[in-house]
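Just upload_1.csv here, CSV, C-alpha atoms:
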chain,number,residue,atom,x,y,z
A,303,MET,CA,15.3,-26.4,-1.5
A,304,SER,CA,15.6,-22.6,-1.2
A,305,ILE,CA,13.1,-20.9,1.1
A,306,ARG,CA,11.7,-17.7,-0.4
A,307,THR,CA,8.9,-16.8,2.0
A,308,LEU,CA,9.2,-16.4,5.8
A,309,ILE,CA,6.5,-16.0,8.4
A,310,ALA,CA,8.1,-14.9,11.7
A,311,THR,CA,8.2,-12.1,14.2
A,312,ILE,CA,11.2,-9.9,14.5
A,313,HIS,CA,12.2,-11.4,17.8
A,314,GLN,CA,11.9,-15.0,16.5
A,315,THR,CA,14.2,-14.0,13.7
A,316,LEU,CA,16.9,-12.4,15.7
A,317,TYR,CA,16.7,-14.2,19.0
A,318,LEU,CA,15.8,-17.8,18.1
A,319,GLY,CA,14.6,-18.4,21.7
A,320,HIS,CA,17.6,-16.8,23.4
A,321,GLN,CA,17.5,-13.8,25.7
A,322,ASP,CA,20.1,-12.0,23.6
A,323,CYS,CA,20.5,-11.6,19.9
A,324,THR,CA,22.0,-14.8,18.5
A,325,PRO,CA,25.3,-14.5,16.6
A,326,THR,CA,23.7,-16.4,13.8
A,327,PRO,CA,20.1,-15.0,13.2
A,328,LEU,CA,17.5,-17.0,11.3
A,329,LEU,CA,18.0,-14.8,8.2
A,330,ALA,CA,21.5,-16.2,7.9
A,331,HIS,CA,20.0,-19.5,6.7
A,332,LEU,CA,17.7,-17.8,4.2
A,333,PRO,CA,19.8,-16.3,1.4
A,334,ALA,CA,17.0,-16.8,-1.2
A,335,LEU,CA,14.4,-15.0,0.9
A,336,THR,CA,12.2,-12.6,-1.2
A,337,THR,CA,9.1,-12.2,1.0
A,338,TRP,CA,8.9,-11.7,4.8
A,339,LYS,CA,5.5,-11.8,6.4
A,340,ILE,CA,5.9,-10.2,9.8
A,341,PRO,CA,3.2,-10.6,12.5
A,342,LEU,CA,3.6,-7.7,14.9
A,343,THR,CA,1.7,-9.5,17.7
A,344,ASP,CA,4.7,-10.2,19.9
A,345,PHE,CA,4.7,-7.7,22.7
A,346,GLN,CA,8.4,-7.6,22.4
A,347,ASP,CA,8.0,-6.2,18.9
A,348,MET,CA,5.8,-3.4,20.0
A,349,ASP,CA,8.7,-1.1,20.8
A,350,ILE,CA,11.7,-1.5,18.5
A,351,LYS,CA,14.7,-0.1,20.2
A,352,PRO,CA,17.5,1.5,18.1
A,353,THR,CA,19.9,-1.3,19.0
A,354,LEU,CA,17.4,-3.9,17.9
A,355,ALA,CA,16.7,-2.0,14.7
A,356,GLN,CA,20.4,-1.8,14.0
A,357,SER,CA,20.9,-5.6,14.5
A,358,LEU,CA,18.0,-6.3,12.2
A,359,HIS,CA,19.3,-3.8,9.6
A,360,GLN,CA,22.7,-5.5,9.7
A,361,ALA,CA,21.2,-9.0,9.4
A,362,ILE,CA,19.0,-8.1,6.5
A,363,ASN,CA,21.8,-6.4,4.5
A,364,THR,CA,24.2,-9.2,5.2
A,365,HIS,CA,22.0,-12.3,4.6
A,366,THR,CA,19.0,-11.4,2.5
A,367,PRO,CA,20.0,-9.6,-0.7
A,368,LEU,CA,16.9,-10.7,-2.6
A,369,LEU,CA,14.3,-9.5,-0.1
A,370,THR,CA,11.9,-7.2,-1.9
A,371,SER,CA,8.4,-7.9,-0.4
A,372,LEU,CA,7.2,-7.1,3.1
A,373,GLU,CA,3.8,-7.9,4.7
A,374,PHE,CA,3.0,-6.5,8.1
A,375,ARG,CA,0.2,-7.8,10.2
A,376,TRP,CA,-1.5,-6.2,13.3
A,377,GLY,CA,1.0,-3.5,14.1
A,378,THR,CA,0.6,0.2,14.4
A,379,THR,CA,1.4,2.7,11.7
A,380,ALA,CA,4.1,4.2,13.9
A,381,LEU,CA,5.8,0.9,14.3
A,382,ILE,CA,5.7,0.0,10.7
A,383,ASN,CA,7.0,3.4,9.7
A,384,SER,CA,9.8,3.0,12.1
A,385,LEU,CA,10.8,-0.4,10.6
A,386,LEU,CA,10.6,1.0,7.0
A,387,THR,CA,12.9,3.9,7.9
A,388,SER,CA,15.4,2.1,10.0
A,389,ALA,CA,15.8,-1.7,9.8
A,390,PHE,CA,14.6,-1.9,6.1
A,391,SER,CA,15.9,1.5,5.0
A,392,ASP,CA,18.5,0.1,2.6
A,393,VAL,CA,16.4,-2.7,1.2
A,394,ARG,CA,15.1,-2.2,-2.4
A,395,ILE,CA,11.5,-2.9,-1.4
A,396,LYS,CA,9.1,-3.5,-4.3
A,397,ARG,CA,6.0,-4.5,-2.4
A,398,ILE,CA,4.5,-3.3,0.9
A,399,GLU,CA,1.4,-4.8,2.3
A,400,SER,CA,0.0,-3.9,5.7
A,401,THR,CA,-3.0,-4.7,7.8
A,402,HIS,CA,-2.5,-2.5,10.7
A,403,HIS,CA,-4.4,-1.1,13.7
A,404,ARG,CA,-5.4,2.5,13.7
A,405,SER,CA,-7.7,4.6,15.8
A,406,ARG,CA,-10.9,5.8,14.2
A,407,ASP,CA,-9.8,9.4,14.0
A,408,LYS,CA,-6.7,8.6,11.9
A,409,CYS,CA,-6.2,8.5,8.1
A,410,ILE,CA,-5.1,5.2,6.6
A,411,LEU,CA,-1.9,6.8,5.5
A,412,ASP,CA,-1.3,8.7,8.7
A,413,GLY,CA,2.1,8.0,10.1
A,414,MET,CA,3.3,5.7,7.3
A,415,MET,CA,4.2,8.2,4.6
A,416,PRO,CA,7.9,8.7,5.6
A,417,GLY,CA,8.4,5.0,5.5
A,418,ILE,CA,6.6,4.5,2.2
A,419,LEU,CA,8.4,7.4,0.5
A,420,ARG,CA,11.7,6.1,1.7
A,421,HIS,CA,11.2,3.3,-0.8
A,422,ALA,CA,9.3,5.4,-3.4
A,423,ARG,CA,11.7,4.8,-6.3
A,424,SER,CA,11.5,1.0,-6.1
A,425,LEU,CA,7.9,0.4,-5.0
A,426,VAL,CA,5.7,-1.5,-7.5
A,427,ALA,CA,2.8,-2.4,-5.2
A,428,VAL,CA,1.3,-0.8,-2.0
A,429,SER,CA,-1.7,-2.4,-0.3
A,430,LEU,CA,-2.8,-0.9,3.0
A,431,SER,CA,-5.9,-1.8,5.1
A,432,ALA,CA,-6.8,-1.0,8.7
A,433,PHE,CA,-8.9,-2.4,11.4
A,434,ASN,CA,-10.4,-1.1,14.6
A,435,LEU,CA,-9.9,-3.4,17.5
A,436,LYS,CA,-13.4,-2.7,19.0
A,437,SER,CA,-15.1,-3.0,15.7
A,438,THR,CA,-13.2,-6.2,14.8
A,439,PHE,CA,-14.2,-8.1,17.8
A,440,HIS,CA,-17.7,-6.6,18.6
A,441,ASN,CA,-19.1,-5.4,15.3
A,442,PRO,CA,-18.7,-7.3,12.1
A,443,THR,CA,-19.4,-4.2,10.1
A,444,PRO,CA,-16.9,-1.5,11.0
A,445,PRO,CA,-18.1,2.1,10.6
A,446,PRO,CA,-17.1,3.9,7.4
A,447,SER,CA,-13.8,5.7,7.5
A,448,PRO,CA,-14.1,9.4,7.8
A,449,GLN,CA,-12.4,11.9,5.5
A,450,LEU,CA,-9.4,12.9,7.6
A,451,ASP,CA,-6.9,14.2,5.1
A,452,PRO,CA,-8.8,17.2,3.8
A,453,SER,CA,-5.9,18.5,1.7
A,454,ASP,CA,-5.1,15.1,0.3
A,455,THR,CA,-1.4,15.9,0.5
A,456,MET,CA,-0.4,12.3,1.4
A,457,PHE,CA,-2.3,10.7,-1.5
A,458,SER,CA,-1.0,13.3,-4.0
A,459,LYS,CA,2.6,12.9,-2.7
A,460,LEU,CA,2.4,9.2,-3.0
A,461,MET,CA,1.2,9.3,-6.6
A,462,ARG,CA,3.8,11.9,-7.6
A,463,SER,CA,6.7,10.0,-5.9
A,464,CYS,CA,6.4,6.4,-7.1
A,465,PRO,CA,7.3,6.1,-10.8
A,466,ARG,CA,7.3,2.3,-10.8
A,467,LEU,CA,4.0,1.9,-9.0
A,468,ARG,CA,1.7,-0.6,-10.6
A,469,VAL,CA,-0.8,-1.5,-7.8
A,470,LEU,CA,-2.3,0.8,-5.2
A,471,SER,CA,-4.9,-0.6,-2.9
A,472,ILE,CA,-6.0,1.7,-0.1
A,473,PRO,CA,-9.8,0.9,0.2
A,474,ASP,CA,-10.1,2.7,3.6
A,475,TYR,CA,-8.9,6.0,2.1
A,476,THR,CA,-11.1,8.6,0.5
A,477,ALA,CA,-9.4,10.8,-2.0
A,478,ARG,CA,-10.6,14.3,-3.1
A,479,ILE,CA,-11.6,14.6,-6.7
A,480,GLU,CA,-9.0,17.4,-7.1
A,481,SER,CA,-6.3,14.9,-6.5
A,482,PHE,CA,-7.7,12.7,-9.3
A,483,GLU,CA,-7.7,15.6,-11.6
A,484,GLN,CA,-3.9,15.8,-11.2
A,485,ALA,CA,-3.5,12.3,-12.7
A,486,GLU,CA,-1.5,13.7,-15.7
A,487,GLU,CA,1.1,14.8,-13.1
A,488,TRP,CA,1.3,11.4,-11.4
A,489,ALA,CA,4.7,9.7,-11.6
A,490,CYS,CA,3.0,6.3,-11.9
A,491,GLN,CA,1.6,6.6,-15.4
A,492,ASP,CA,1.9,2.8,-15.9
A,493,LEU,CA,-0.5,2.2,-12.9
A,494,GLU,CA,-2.4,-1.1,-13.5
A,495,SER,CA,-4.7,-1.4,-10.5
A,496,LEU,CA,-6.3,1.3,-8.3
A,497,HIS,CA,-8.5,0.7,-5.2
A,498,VAL,CA,-9.5,3.9,-3.5
A,499,LYS,CA,-12.7,5.8,-2.7
A,500,VAL,CA,-13.5,9.3,-4.1
A,501,GLN,CA,-15.1,11.9,-1.9
A,502,GLY,CA,-18.6,12.9,-3.2
A,503,LEU,CA,-18.8,10.0,-5.7
A,504,ASP,CA,-22.3,8.7,-5.0
A,505,GLU,CA,-23.1,6.8,-8.3
A,506,VAL,CA,-20.0,4.6,-8.1
A,507,ASP,CA,-21.5,1.7,-10.3
A,508,ALA,CA,-22.7,4.1,-13.0
A,509,CYS,CA,-19.2,5.7,-13.1
A,510,LEU,CA,-17.5,2.4,-13.4
A,511,THR,CA,-19.9,1.2,-16.1
A,512,LYS,CA,-19.3,4.3,-18.1
A,513,ILE,CA,-15.6,4.2,-18.0
A,514,LYS,CA,-15.6,0.6,-18.9
A,515,ALA,CA,-17.8,1.3,-21.9
A,516,LEU,CA,-15.6,4.2,-23.1
A,517,ARG,CA,-12.4,2.1,-22.7
A,518,ASN,CA,-14.0,-0.6,-24.9
A,519,SER,CA,-14.8,1.9,-27.7
A,520,ASN,CA,-12.8,1.9,-30.9
A,521,ALA,CA,-12.2,5.6,-30.5
A,522,TRP,CA,-10.3,5.1,-27.2
A,523,ARG,CA,-8.5,2.0,-28.4
A,524,SER,CA,-7.1,3.9,-31.4
A,525,SER,CA,-5.7,6.9,-29.5
A,526,GLY,CA,-5.8,6.2,-25.7
A,527,GLN,CA,-7.7,9.5,-25.3
A,528,MET,CA,-11.3,10.6,-25.4
A,529,GLU,CA,-13.4,13.6,-24.7
A,530,VAL,CA,-15.7,13.1,-21.7
A,531,GLU,CA,-18.6,15.4,-21.3
A,532,GLY,CA,-20.2,16.4,-18.0
A,533,VAL,CA,-19.1,18.2,-14.8
A,534,GLY,CA,-20.3,15.8,-12.2
A,535,ILE,CA,-17.9,14.0,-9.8
A,536,GLY,CA,-18.3,10.8,-11.8
A,537,ASP,CA,-17.5,12.6,-15.1
A,538,ARG,CA,-14.5,14.2,-13.5
A,539,VAL,CA,-13.2,10.8,-12.3
A,540,ILE,CA,-13.6,9.3,-15.7
A,541,LYS,CA,-11.8,12.3,-17.3
A,542,SER,CA,-8.9,11.7,-14.9
A,543,LEU,CA,-8.6,8.0,-15.4
A,544,ILE,CA,-9.4,7.6,-19.0
A,545,GLY,CA,-5.8,8.5,-20.0
A,546,LEU,CA,-4.1,5.9,-17.8
A,547,CYS,CA,-3.7,3.5,-20.7
A,548,CYS,CA,-2.2,0.7,-18.6
A,549,LEU,CA,-5.0,0.7,-16.0
A,550,LYS,CA,-6.7,-2.7,-15.9
A,551,THR,CA,-8.7,-2.8,-12.7
A,552,VAL,CA,-10.5,-0.1,-10.7
A,553,TRP,CA,-12.3,-0.2,-7.4
A,554,LEU,CA,-14.0,3.0,-6.2
A,555,GLY,CA,-16.0,1.6,-3.3
A,556,THR,CA,-18.4,-1.1,-4.5
A,557,LYS,CA,-16.9,-3.6,-7.0
A,558,VAL,CA,-13.8,-4.3,-9.1
A,559,VAL,CA,-14.2,-3.4,-12.8
A,560,TYR,CA,-11.8,-4.7,-15.5
A,561,LEU,CA,-10.8,-2.2,-18.2
A,562,ALA,CA,-9.6,-2.6,-21.7
A,563,THR,CA,-6.0,-1.6,-22.3
A,564,ILE,CA,-4.1,-0.7,-25.5
A,565,PRO,CA,-1.9,-3.6,-26.7

Kindly present the structure from the file in structure tokens form.
Amino acid sequence: MSIRTLIATIHQTLYLGHQDCTPTPLLAHLPALTTWKIPLTDFQDMDIKPTLAQSLHQAINTHTPLLTSLEFRWGTTALINSLLTSAFSDVRIKRIESTHHRSRDKCILDGMMPGILRHARSLVAVSLSAFNLKSTFHNPTPPPSPQLDPSDTMFSKLMRSCPRLRVLSIPDYTARIESFEQAEEWACQDLESLHVKVQGLDEVDACLTKIKALRNSNAWRSSGQMEVEGVGIGDRVIKSLIGLCCLKTVWLGTKVVYLATIP
């Protein structure tokens, strides 16, 4: 039986219990591997040396030609970015999922953009969430994430650089409405799922209800376009998203809404 999913730390994969890298890493036995779930909890994985990254890079390229999905758990953005730009640099990654630690004064995308953009041409799904160690263990309701990317350059660059992107889930990120209004310039016009907050959008549920109703109308179904009146933040969000004809699910901070699409 071919194993397609692996849950293992980097050191477990390369060392197999030895002090030095084993000549035959675990990946050598997994030619059908497509998904690697990497817990970054091993203290030895906290600092990936260039020699280790090179060994991992060689093992991946030699033994796992089908690897397309990476899931990182509990690492830092700096560590994940380092892995994406070194060990996994030549892998045609389609899906990146990360639950990583960040300090409260950092943006969810901070430190990871070079790694994400390294795989921009092949990415189909990006899901990023963060946790705060103190909040996780002492407060079941972490404080809301502050707006820490005032120019929104990272969000805009992400949307302009990933033509195959279908799923983007960054619920801890708050985008500026100006970035949404550039939706016609996004490379990912076939986007199907979007989870992100919008700065200044207070009536989230009302916005979602309205866009769902408009997408269900015969007028939109016949053309994929519709004039939206109003100048409020919610109206501007709707104007931006109404033309993304493949968009099926939207989350803007409260609940997921399912939208009609054009067959």

> What gap, in Å, lies between atom CA of A:Ala489 and atom CA of A:Ala422?
Replying inline: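 Distance reported for this atom pair: 10.3 Å.
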
>> At a cut-off of 12 Å around the point (-2.7, 2.8, 5.2) (file coordinates), what residues fall inside when counting only C-alpha atoms? I'd like the answer as a ChimeraX atom specification.
In response: /A:374,377-380,382-383,398-405,408-415,417-418,428-433,447,456-457,460,470-476,498

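A cut-off of 9 Å from the point (18.3, -11.5, 5.0), with only C-alpha atoms, picks out the residues A:Leu328, A:Leu329, A:Ala330, A:His331, A:Leu332, A:Pro333, A:Ala334, A:Leu335, A:Thr336, A:Leu358, A:Gln360, A:Ala361, A:Ile362, A:Asn363, A:Thr364, A:His365, A:Thr366, A:Pro367, A:Leu368, A:Leu369.
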
> Which of these, A:Gly502, A:Thr455, A:Thr556, A:Ile309, has the shortest distance to A:Ser481 once you count all atoms listed in the file?
Replying inline: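 Closest to A:Ser481, using all atoms listed in the file: A:Thr455.
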
> Could you work out how far atom CA of A:Leu549 lies from atom CA of A:Ala508, giving the answer in Å with one decimal?
Replying inline: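 We find that atom CA of A:Ala508 and atom CA of A:Leu549 lie 18.3 Å from each other.
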
>> Report, in Å with one decimal, the straight-line distance from atom CA of A:Lys396 to atom CA of A:Val552.
In response: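 Rounded to one decimal, the two atoms are 20.9 Å apart.
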
> Which of these, A:Pro565, A:Leu467, A:Val559, A:Trp338, has the shortest distance to A:Asp507 once you count all atoms listed in the file?
Replying inline: A:Val559

>> Here is a test: counting all atoms listed in the file, which residue of A:Arg423, A:His359, A:Leu546, A:Pro416 is nearest to A:Asp392?
In response: A:His359

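Among A:Ser371, A:Tyr560, A:Val500, A:Gly555, the residue with the shortest atom-to-atom distance to A:Arg306, counting all atoms listed in the file, is A:Ser371.
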